[in-house]
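Colleague: My questions all concern the structure below.
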Amino acid sequence: MDDALKITGLVAIVSFIILSWVGIVAAIKVGKLFENISLTFDTLKGDVADVKAKALILFEDLHSLKIRLERTLDEFSELKGNIAVSLESVTDLSEQITKSVENIERRTDKFISIIEPIEKVVGKFVDSIAPTLNYTGGVVSAFSKAISAFSGKLLKGKG
């Protein structure tokens, strides 16, 4: 009976050692998996920030273009007034220039009317995506920190 008890004890100890070794190997692999997930989340966080920055730049560029077009339209209007005053005696020439400037104004107004909805859409897009990007960045950062902390504890516990 003593021998059977010793053999059972020895089998239990060997089983415990093997299970401990398997547990340690599994913990190391889980730690490495969490490190890889953490790196992936960091990359995703950077990509989200890049998309947000590019959307803001696009919005600023469209707004700048609109301002330049409005300034150009003002300059054409001023030019139209100056030409009309200077060329009162040359009626035909003055009418042709006036028509040309009005045509340019109409086209510029049409172009501005095309740009304004695009500017509004981009603005709404930026306004609608910014909170989501900020929230996503926060969630990714939180997961990244949690995984880093958990993998750090796992790796610290094995050493």
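Here, A, B, ... name the chains of the structure tokens in the order displayed, residue numbers run from 1 inside each chain, and ligands are numbered from 1 in the same displayed order.
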Once you count only C-alpha atoms, what closest atom pair and distance in Å to one decimal does each residue of region 5-116 of chain A within 7 Å of region 121-145 of chain A have, with rows by chain and rising residue number, as CSV?
Modeller:
```
residue,atom,partner,partner_atom,distance
A:Ser38,CA,A:Ser144,CA,4.8
A:Phe41,CA,A:Val140,CA,5.7
A:Asp42,CA,A:Ser144,CA,6.8
A:Lys45,CA,A:Gly137,CA,5.4
A:Val48,CA,A:Leu133,CA,6.3
A:Lys52,CA,A:Ala130,CA,6.7
A:Ala55,CA,A:Val126,CA,6.3
A:Leu56,CA,A:Val126,CA,6.6
A:Phe59,CA,A:Val122,CA,5.9
```
Colleague: Go ahead and compute the interatomic distance for CA of Ser77 (chain A) and CA of Leu58 (chain A), in Å to one decimal.
Modeller: 28.7 Å
